[in-house]
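Enquirer: This is upload-v9.pdb, which holds PDB, C-alpha atoms, pLDDT in the B column:
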```
MODEL        1
ATOM      1  CA  MET C 302      52.657  23.774 106.334  1.00 54.00           C
ATOM      2  CA  GLU C 303      50.990  25.663 103.575  1.00 72.00           C
ATOM      3  CA  LEU C 304      52.569  28.353 101.452  1.00 68.00           C
ATOM      4  CA  MET C 305      50.232  31.047 102.852  1.00 75.00           C
ATOM      5  CA  GLU C 306      51.271  30.236 106.418  1.00 76.00           C
ATOM      6  CA  LEU C 307      54.947  30.395 105.471  1.00 71.00           C
ATOM      7  CA  GLN C 308      54.428  33.778 103.791  1.00 77.00           C
ATOM      8  CA  ALA C 309      52.592  35.106 106.854  1.00 76.00           C
ATOM      9  CA  ILE C 310      55.382  33.881 109.167  1.00 75.00           C
ATOM     10  CA  TRP C 311      58.018  35.373 106.855  1.00 78.00           C
ATOM     11  CA  GLN C 312      56.194  38.723 106.700  1.00 78.00           C
ATOM     12  CA  GLN C 313      55.870  38.783 110.497  1.00 79.00           C
ATOM     13  CA  TYR C 314      59.580  37.979 110.838  1.00 77.00           C
ATOM     14  CA  ASP C 315      60.444  40.712 108.333  1.00 76.00           C
ATOM     15  CA  LYS C 316      58.255  43.210 110.206  1.00 79.00           C
ATOM     16  CA  ASN C 317      59.893  42.317 113.542  1.00 77.00           C
ATOM     17  CA  LEU C 318      63.346  42.631 111.995  1.00 74.00           C
ATOM     18  CA  THR C 319      62.499  46.063 110.572  1.00 77.00           C
ATOM     19  CA  GLU C 320      61.145  47.204 113.958  1.00 80.00           C
ATOM     20  CA  ASN C 321      64.235  45.906 115.780  1.00 75.00           C
ATOM     21  CA  THR C 322      66.518  47.638 113.288  1.00 74.00           C
ATOM     22  CA  LYS C 323      64.597  50.877 113.746  1.00 76.00           C
ATOM     23  CA  ILE C 324      64.765  50.591 117.545  1.00 75.00           C
ATOM     24  CA  ASN C 325      68.496  49.753 117.472  1.00 69.00           C
ATOM     25  CA  LYS C 326      69.145  52.700 115.184  1.00 73.00           C
ATOM     26  CA  GLU C 327      67.251  55.019 117.542  1.00 73.00           C
ATOM     27  CA  VAL C 328      69.162  53.704 120.574  1.00 72.00           C
ATOM     28  CA  LEU C 329      72.461  54.177 118.737  1.00 68.00           C
ATOM     29  CA  LYS C 330      71.398  57.698 117.777  1.00 72.00           C
ATOM     30  CA  GLN C 331      70.661  58.525 121.418  1.00 74.00           C
ATOM     31  CA  ILE C 332      74.043  57.128 122.457  1.00 75.00           C
ATOM     32  CA  LEU C 333      75.849  59.124 119.761  1.00 71.00           C
ATOM     33  CA  ILE C 334      73.932  62.329 120.540  1.00 77.00           C
ATOM     34  CA  SER C 335      74.725  62.050 124.261  1.00 79.00           C
ATOM     35  CA  LYS C 336      78.361  63.062 123.580  1.00 83.00           C
ATOM     36  CA  PRO C 337      77.584  66.442 121.986  1.00 84.00           C
ATOM     37  CA  LYS C 338      74.866  66.990 124.602  1.00 86.00           C
ATOM     38  CA  LYS C 339      77.411  66.525 127.393  1.00 88.00           C
ATOM     39  CA  ARG C 340      79.907  68.772 125.598  1.00 85.00           C
ATOM     40  CA  LEU C 341      77.274  71.488 125.159  1.00 88.00           C
ATOM     41  CA  ASN C 342      76.072  71.112 128.760  1.00 89.00           C
ATOM     42  CA  TRP C 343      79.668  71.628 129.905  1.00 90.00           C
ATOM     43  CA  GLU C 344      79.868  74.720 127.682  1.00 88.00           C
ATOM     44  CA  LYS C 345      76.646  75.991 129.264  1.00 91.00           C
ATOM     45  CA  ILE C 346      78.041  75.439 132.766  1.00 93.00           C
ATOM     46  CA  THR C 347      81.224  77.282 131.783  1.00 91.00           C
ATOM     47  CA  ALA C 348      79.207  80.146 130.277  1.00 92.00           C
ATOM     48  CA  GLY C 349      77.092  80.337 133.458  1.00 93.00           C
ATOM     49  CA  PHE C 350      80.234  80.410 135.592  1.00 93.00           C
ATOM     50  CA  ASN C 351      81.560  83.213 133.362  1.00 90.00           C
ATOM     51  CA  LEU C 352      78.403  85.182 134.176  1.00 92.00           C
ATOM     52  CA  ILE C 353      78.806  84.789 137.929  1.00 94.00           C
ATOM     53  CA  LEU C 354      82.593  85.159 138.288  1.00 91.00           C
ATOM     54  CA  PRO C 355      82.980  88.770 137.018  1.00 90.00           C
ATOM     55  CA  ILE C 356      80.297  90.068 139.353  1.00 91.00           C
ATOM     56  CA  ALA C 357      81.878  88.230 142.292  1.00 90.00           C
ATOM     57  CA  LEU C 358      85.340  89.599 141.427  1.00 86.00           C
ATOM     58  CA  ILE C 359      84.025  93.144 141.141  1.00 86.00           C
ATOM     59  CA  LEU C 360      82.185  92.937 144.453  1.00 86.00           C
ATOM     60  CA  LEU C 361      84.959  91.159 146.355  1.00 86.00           C
ATOM     61  CA  ILE C 362      88.119  92.668 144.859  1.00 80.00           C
ATOM     62  CA  LEU C 363      87.488  95.807 142.839  1.00 78.00           C
ATOM     63  CA  VAL C 364      84.881  97.642 144.928  1.00 78.00           C
ATOM     64  CA  PRO C 365      86.710  97.333 148.292  1.00 79.00           C
ATOM     65  CA  ASN C 366      90.056  98.374 146.778  1.00 74.00           C
ATOM     66  CA  ILE C 367      88.921 101.388 144.749  1.00 77.00           C
ATOM     67  CA  GLN C 368      89.876 104.705 146.211  1.00 76.00           C
ATOM     68  CA  TYR C 369      86.881 106.941 145.628  1.00 78.00           C
ATOM     69  CA  HIS C 370      87.981 110.458 144.732  1.00 79.00           C
ATOM     70  CA  SER C 371      86.437 113.331 142.889  1.00 83.00           C
ATOM     71  CA  SER C 372      88.623 113.765 139.831  1.00 84.00           C
ATOM     72  CA  ILE C 373      88.208 113.562 136.090  1.00 87.00           C
ATOM     73  CA  GLU C 374      90.496 110.480 135.918  1.00 85.00           C
ATOM     74  CA  PHE C 375      88.283 108.615 138.372  1.00 86.00           C
ATOM     75  CA  TYR C 376      85.108 109.330 136.397  1.00 89.00           C
ATOM     76  CA  ILE C 377      86.773 108.471 133.076  1.00 89.00           C
ATOM     77  CA  GLY C 378      87.983 105.230 134.663  1.00 87.00           C
ATOM     78  CA  ILE C 379      84.509 104.363 135.920  1.00 89.00           C
ATOM     79  CA  PHE C 380      83.044 105.136 132.506  1.00 92.00           C
ATOM     80  CA  LEU C 381      85.646 103.062 130.621  1.00 91.00           C
ATOM     81  CA  PHE C 382      85.430 100.085 132.943  1.00 90.00           C
ATOM     82  CA  GLY C 383      81.630 100.260 133.217  1.00 91.00           C
ATOM     83  CA  ALA C 384      81.131 100.477 129.448  1.00 94.00           C
ATOM     84  CA  VAL C 385      83.489  97.571 128.714  1.00 93.00           C
ATOM     85  CA  PHE C 386      82.099  95.414 131.515  1.00 92.00           C
ATOM     86  CA  SER C 387      78.469  96.105 130.525  1.00 93.00           C
ATOM     87  CA  ALA C 388      79.085  95.341 126.842  1.00 94.00           C
ATOM     88  CA  LEU C 389      80.980  92.127 127.527  1.00 93.00           C
ATOM     89  CA  TYR C 390      78.478  90.999 130.130  1.00 94.00           C
ATOM     90  CA  TYR C 391      75.562  91.619 127.750  1.00 95.00           C
ATOM     91  CA  TRP C 392      77.252  89.561 125.016  1.00 94.00           C
ATOM     92  CA  SER C 393      78.038  86.801 127.525  1.00 94.00           C
ATOM     93  CA  VAL C 394      74.372  86.621 128.553  1.00 95.00           C
ATOM     94  CA  ARG C 395      73.369  86.367 124.879  1.00 95.00           C
ATOM     95  CA  TYR C 396      75.888  83.560 124.387  1.00 94.00           C
ATOM     96  CA  TYR C 397      74.423  81.694 127.376  1.00 94.00           C
ATOM     97  CA  ILE C 398      70.933  82.090 125.911  1.00 94.00           C
ATOM     98  CA  LEU C 399      72.138  80.821 122.503  1.00 92.00           C
ATOM     99  CA  ILE C 400      73.482  77.663 124.123  1.00 91.00           C
ATOM    100  CA  GLY C 401      70.130  77.080 125.804  1.00 90.00           C
ATOM    101  CA  ARG C 402      68.296  77.339 122.473  1.00 90.00           C
ATOM    102  CA  ILE C 403      70.037  74.336 120.954  1.00 87.00           C
ATOM    103  CA  ASP C 404      67.529  71.513 121.007  1.00 86.00           C
ATOM    104  CA  PHE C 405      68.838  68.029 120.237  1.00 81.00           C
ATOM    105  CA  SER C 406      65.359  66.757 119.453  1.00 81.00           C
ATOM    106  CA  SER C 407      65.241  68.915 116.303  1.00 81.00           C
ATOM    107  CA  SER C 408      66.686  67.919 112.953  1.00 80.00           C
ATOM    108  CA  ILE C 409      70.428  67.419 112.558  1.00 79.00           C
ATOM    109  CA  THR C 410      70.553  70.179 109.959  1.00 81.00           C
ATOM    110  CA  LEU C 411      69.048  72.658 112.420  1.00 84.00           C
ATOM    111  CA  ILE C 412      71.369  71.471 115.201  1.00 84.00           C
ATOM    112  CA  LYS C 413      74.413  71.954 112.939  1.00 84.00           C
ATOM    113  CA  LYS C 414      73.166  75.405 111.930  1.00 87.00           C
ATOM    114  CA  ASN C 415      72.672  76.426 115.575  1.00 88.00           C
ATOM    115  CA  ILE C 416      76.104  75.111 116.568  1.00 87.00           C
ATOM    116  CA  LYS C 417      77.731  77.024 113.695  1.00 88.00           C
ATOM    117  CA  GLN C 418      75.890  80.171 114.841  1.00 91.00           C
ATOM    118  CA  LEU C 419      77.094  79.515 118.407  1.00 89.00           C
ATOM    119  CA  GLU C 420      80.681  79.105 117.205  1.00 88.00           C
ATOM    120  CA  LYS C 421      80.564  82.368 115.235  1.00 90.00           C
ATOM    121  CA  TYR C 422      79.080  84.188 118.212  1.00 91.00           C
ATOM    122  CA  LYS C 423      81.736  82.847 120.597  1.00 90.00           C
ATOM    123  CA  ILE C 424      84.533  83.900 118.226  1.00 89.00           C
ATOM    124  CA  LYS C 425      82.942  87.353 117.946  1.00 91.00           C
ATOM    125  CA  LEU C 426      82.574  87.551 121.740  1.00 90.00           C
ATOM    126  CA  LYS C 427      86.218  86.614 122.310  1.00 90.00           C
ATOM    127  CA  ARG C 428      87.497  89.054 119.660  1.00 91.00           C
ATOM    128  CA  LEU C 429      85.481  91.931 121.069  1.00 92.00           C
ATOM    129  CA  GLY C 430      86.573  90.977 124.575  1.00 91.00           C
ATOM    130  CA  TYR C 431      90.233  91.100 123.632  1.00 90.00           C
ATOM    131  CA  ILE C 432      89.769  94.361 121.756  1.00 91.00           C
ATOM    132  CA  LEU C 433      87.911  96.064 124.620  1.00 91.00           C
ATOM    133  CA  MET C 434      89.907  94.555 127.500  1.00 89.00           C
ATOM    134  CA  PRO C 435      92.725  97.156 127.365  1.00 88.00           C
ATOM    135  CA  LEU C 436      90.144  99.934 127.776  1.00 89.00           C
ATOM    136  CA  GLY C 437      88.709  98.194 130.836  1.00 88.00           C
ATOM    137  CA  ILE C 438      92.184  97.758 132.322  1.00 85.00           C
ATOM    138  CA  VAL C 439      92.960 101.432 131.703  1.00 85.00           C
ATOM    139  CA  GLY C 440      89.680 102.250 133.449  1.00 86.00           C
ATOM    140  CA  ILE C 441      90.722 100.216 136.490  1.00 83.00           C
ATOM    141  CA  PHE C 442      94.111 101.921 136.573  1.00 82.00           C
ATOM    142  CA  LEU C 443      92.511 105.350 136.316  1.00 83.00           C
ATOM    143  CA  MET C 444      90.134 104.580 139.174  1.00 83.00           C
ATOM    144  CA  SER C 445      92.959 103.364 141.395  1.00 79.00           C
ATOM    145  CA  LYS C 446      95.343 106.282 140.637  1.00 77.00           C
ATOM    146  CA  PHE C 447      97.917 103.912 139.142  1.00 74.00           C
ATOM    147  CA  PRO C 448     100.742 105.900 137.522  1.00 74.00           C
ATOM    148  CA  PHE C 449     100.863 105.053 133.801  1.00 69.00           C
ATOM    149  CA  PHE C 450     104.202 106.519 132.867  1.00 68.00           C
ATOM    150  CA  SER C 451     106.589 105.551 135.626  1.00 73.00           C
ATOM    151  CA  LYS C 452     109.264 102.941 136.249  1.00 77.00           C
ATOM    152  CA  ASN C 453     106.885 101.061 138.553  1.00 76.00           C
ATOM    153  CA  SER C 454     104.324 100.574 135.775  1.00 75.00           C
ATOM    154  CA  ILE C 455     106.676  98.866 133.276  1.00 81.00           C
ATOM    155  CA  ILE C 456     106.538  95.426 134.926  1.00 84.00           C
ATOM    156  CA  PRO C 457     102.737  95.299 135.440  1.00 79.00           C
ATOM    157  CA  PHE C 458     102.084  96.509 131.875  1.00 80.00           C
ATOM    158  CA  SER C 459     104.586  94.026 130.460  1.00 84.00           C
ATOM    159  CA  LEU C 460     102.943  91.172 132.377  1.00 87.00           C
ATOM    160  CA  ILE C 461      99.457  92.210 131.270  1.00 85.00           C
ATOM    161  CA  ILE C 462     100.548  92.403 127.632  1.00 86.00           C
ATOM    162  CA  ALA C 463     102.348  89.046 127.817  1.00 91.00           C
ATOM    163  CA  VAL C 464      99.355  87.314 129.410  1.00 89.00           C
ATOM    164  CA  MET C 465      96.995  88.814 126.829  1.00 87.00           C
ATOM    165  CA  ILE C 466      99.181  87.720 123.911  1.00 89.00           C
ATOM    166  CA  VAL C 467      99.458  84.151 125.223  1.00 90.00           C
ATOM    167  CA  SER C 468      95.734  84.076 125.962  1.00 88.00           C
ATOM    168  CA  ILE C 469      94.803  85.376 122.501  1.00 86.00           C
ATOM    169  CA  TYR C 470      97.124  82.871 120.820  1.00 86.00           C
ATOM    170  CA  TYR C 471      95.827  79.904 122.807  1.00 86.00           C
ATOM    171  CA  THR C 472      92.167  80.895 122.484  1.00 83.00           C
ATOM    172  CA  PHE C 473      92.148  81.381 118.730  1.00 80.00           C
ATOM    173  CA  LYS C 474      94.720  78.726 117.823  1.00 79.00           C
ATOM    174  CA  TYR C 475      93.429  75.856 119.934  1.00 78.00           C
ATOM    175  CA  SER C 476      90.618  76.416 122.370  1.00 79.00           C
ATOM    176  CA  ILE C 477      87.586  77.592 120.380  1.00 79.00           C
ATOM    177  CA  PHE C 478      88.222  75.798 117.111  1.00 77.00           C
ATOM    178  CA  LYS C 479      89.141  72.479 118.752  1.00 80.00           C
ATOM    179  CA  GLN C 480      86.053  72.578 120.937  1.00 79.00           C
ATOM    180  CA  PHE C 481      83.662  73.211 118.059  1.00 82.00           C
ATOM    181  CA  ARG C 482      85.523  70.845 115.703  1.00 83.00           C
ATOM    182  CA  LEU C 483      84.915  67.996 118.174  1.00 80.00           C
ATOM    183  CA  LEU C 484      81.295  69.018 118.608  1.00 81.00           C
ATOM    184  CA  ASN C 485      80.733  69.120 114.837  1.00 79.00           C
ATOM    185  CA  LYS C 486      82.441  65.750 114.393  1.00 82.00           C
ATOM    186  CA  GLU C 487      80.117  64.178 116.951  1.00 80.00           C
ATOM    187  CA  ILE C 488      77.063  65.702 115.249  1.00 80.00           C
ATOM    188  CA  GLU C 489      78.270  64.402 111.867  1.00 79.00           C
ATOM    189  CA  GLU C 490      78.399  60.871 113.297  1.00 78.00           C
ATOM    190  CA  VAL C 491      74.726  61.185 114.180  1.00 75.00           C
ATOM    191  CA  GLU C 492      73.991  62.604 110.729  1.00 74.00           C
ATOM    192  CA  MET C 493      75.751  59.653 109.041  1.00 75.00           C
ATOM    193  CA  LEU C 494      73.657  57.256 111.105  1.00 68.00           C
ATOM    194  CA  GLU C 495      70.458  58.988 110.003  1.00 68.00           C
ATOM    195  CA  LYS C 496      71.475  58.764 106.341  1.00 69.00           C
ATOM    196  CA  GLU C 497      71.948  54.996 106.528  1.00 66.00           C
TER     197      GLU C 497
ENDMDL
END
```
Could I get this structure in the form of structure tokens?
Expert:
Amino acid sequence: MELMELQAIWQQYDKNLTENTKINKEVLKQILISKPKKRLNWEKITAGFNLILPIALILLILVPNIQYHSSIEFYIGIFLFGAVFSALYYWSVRYYILIGRIDFSSSITLIKKNIKQLEKYKIKLKRLGYILMPLGIVGIFLMSKFPFFSKNSIIPFSLIIAVMIVSIYYTFKYSIFKQFRLLNKEIEEVEMLEKE
């Protein structure tokens, strides 16, 4: 066998090896990126459910149980609840749209930037929700003629405050940050693969 033939065979072997390495790397990338895709799809499903659930609860529970009466408390209650609900619902729709804009076919840098933006928006949404929630609850109580300053209101208010404190603690201590920390870790694995 001549030297030229050996060089040609070697070059063909080297080319095939480079192609196989490239294909294997791409397959591994797709496998690694499937984890954050699934995590984000689950987040999108949850966000979609959070868009449907409040409307269903209002239509099935709040509307049938409201006692319509012509008083200033009733109209203040409607205004408070309506303003809080509308604001939170608008921000929830924007969050759902932000999730849909994340495209895993774009560069890793852009994906990381979009996920960071999504994380900041979710934290902002949760903070505003917890800040505005007491106003919405007051609105519901005003609409239903619930006595604020009576012995009967101590237990419901105590339970509401306790549930809100536990919910705030869990949400900001574990839930949001853990979720996005795992998502970022999975994206960084893909980024490390691309740098190799």
Enquirer: How far is it from atom CA of Ile441 of chain C to atom CA of Ile367 of chain C, in Å with one decimal?
Expert: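 Spanning atom CA of Ile441 of chain C to atom CA of Ile367 of chain C is a straight-line distance of 8.5 Å.
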Enquirer: For each of C:Lys339, C:Glu374, C:Ile409, C:Phe350, take the minimum atom-to-atom distance to Met493 of chain C, counting only C-alpha atoms, then give the residue where this is smallest.
Expert: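 Nearest candidate to Met493 of chain C out of C:Lys339, C:Glu374, C:Ile409, C:Phe350: C:Ile409.
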Enquirer: Taking only C-alpha atoms into account, name the residue in C:Leu381, C:Lys413, C:Ser393, C:Phe375 that is nearest to Phe447 of chain C.
Expert: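 Of all the options, C:Phe375 lies closest to Phe447 of chain C.
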Enquirer: Measuring between only C-alpha atoms, which one of C:Phe481, C:Glu327, C:Gln308, C:Leu433 shows the shortest distance to Ala384 of chain C?
Expert: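 Of the candidates, the smallest distance to Ala384 of chain C is held by C:Leu433.
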Enquirer: Under the rule that only C-alpha atoms are counted, which of C:Ile379, C:Ile456, C:Leu360, C:Ile462 is the nearest residue to Gly440 of chain C?
Expert: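 Of the candidates, the smallest distance to Gly440 of chain C is held by C:Ile379.
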Enquirer: Skipping near chain neighbours, those fewer than 4 positions away, what residues fall within 12 Å of Ile461 of chain C using all atoms listed in the file, listed as a PyMOL selection string?
Expert: chain C and resi 434-435+438-439+454-457+465-468
Enquirer: Selection from above, C-alpha atoms, as a PDB file, in the coordinates of the input, can you write it?
Expert:
```pdb
ATOM      1  CA  MET C 434      89.907  94.555 127.500  1.00 89.00           C
ATOM      2  CA  PRO C 435      92.725  97.156 127.365  1.00 88.00           C
ATOM      3  CA  ILE C 438      92.184  97.758 132.322  1.00 85.00           C
ATOM      4  CA  VAL C 439      92.960 101.432 131.703  1.00 85.00           C
ATOM      5  CA  SER C 454     104.324 100.574 135.775  1.00 75.00           C
ATOM      6  CA  ILE C 455     106.676  98.866 133.276  1.00 81.00           C
ATOM      7  CA  ILE C 456     106.538  95.426 134.926  1.00 84.00           C
ATOM      8  CA  PRO C 457     102.737  95.299 135.440  1.00 79.00           C
ATOM      9  CA  MET C 465      96.995  88.814 126.829  1.00 87.00           C
ATOM     10  CA  ILE C 466      99.181  87.720 123.911  1.00 89.00           C
ATOM     11  CA  VAL C 467      99.458  84.151 125.223  1.00 90.00           C
ATOM     12  CA  SER C 468      95.734  84.076 125.962  1.00 88.00           C
TER      13      SER C 468
END
```
Enquirer: Would you compute an axis-aligned box for segment 420-426 of chain C, covering every atom listed for it in the file with 3 Å of margin on each side, and report centre and edge lengths in Å to one decimal as AutoDock Vina command-line options?
Expert:
```
--center_x 81.8 --center_y 83.3 --center_z 118.5 --size_x 11.5 --size_y 14.4 --size_z 12.5
```
Enquirer: What does the PyMOL selection byres ((chain C and resi 415-422) around 12) select in this file, as a ChimeraX atom specification?
Expert: /C:337-338,340-341,344-345,392-405,407-414,423-430,473,476-489
Enquirer: Between atom CA of Gln368 of chain C and atom CA of Ser387 of chain C, what is the spacing in Å?
Expert: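 Separation of atom CA of Ser387 of chain C and atom CA of Gln368 of chain C: 21.2 Å.
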Enquirer: To one decimal place, how far is atom CA of Phe380 of chain C from atom CA of Ile469 of chain C in Å?
Expert: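 A separation of 25.1 Å between them.
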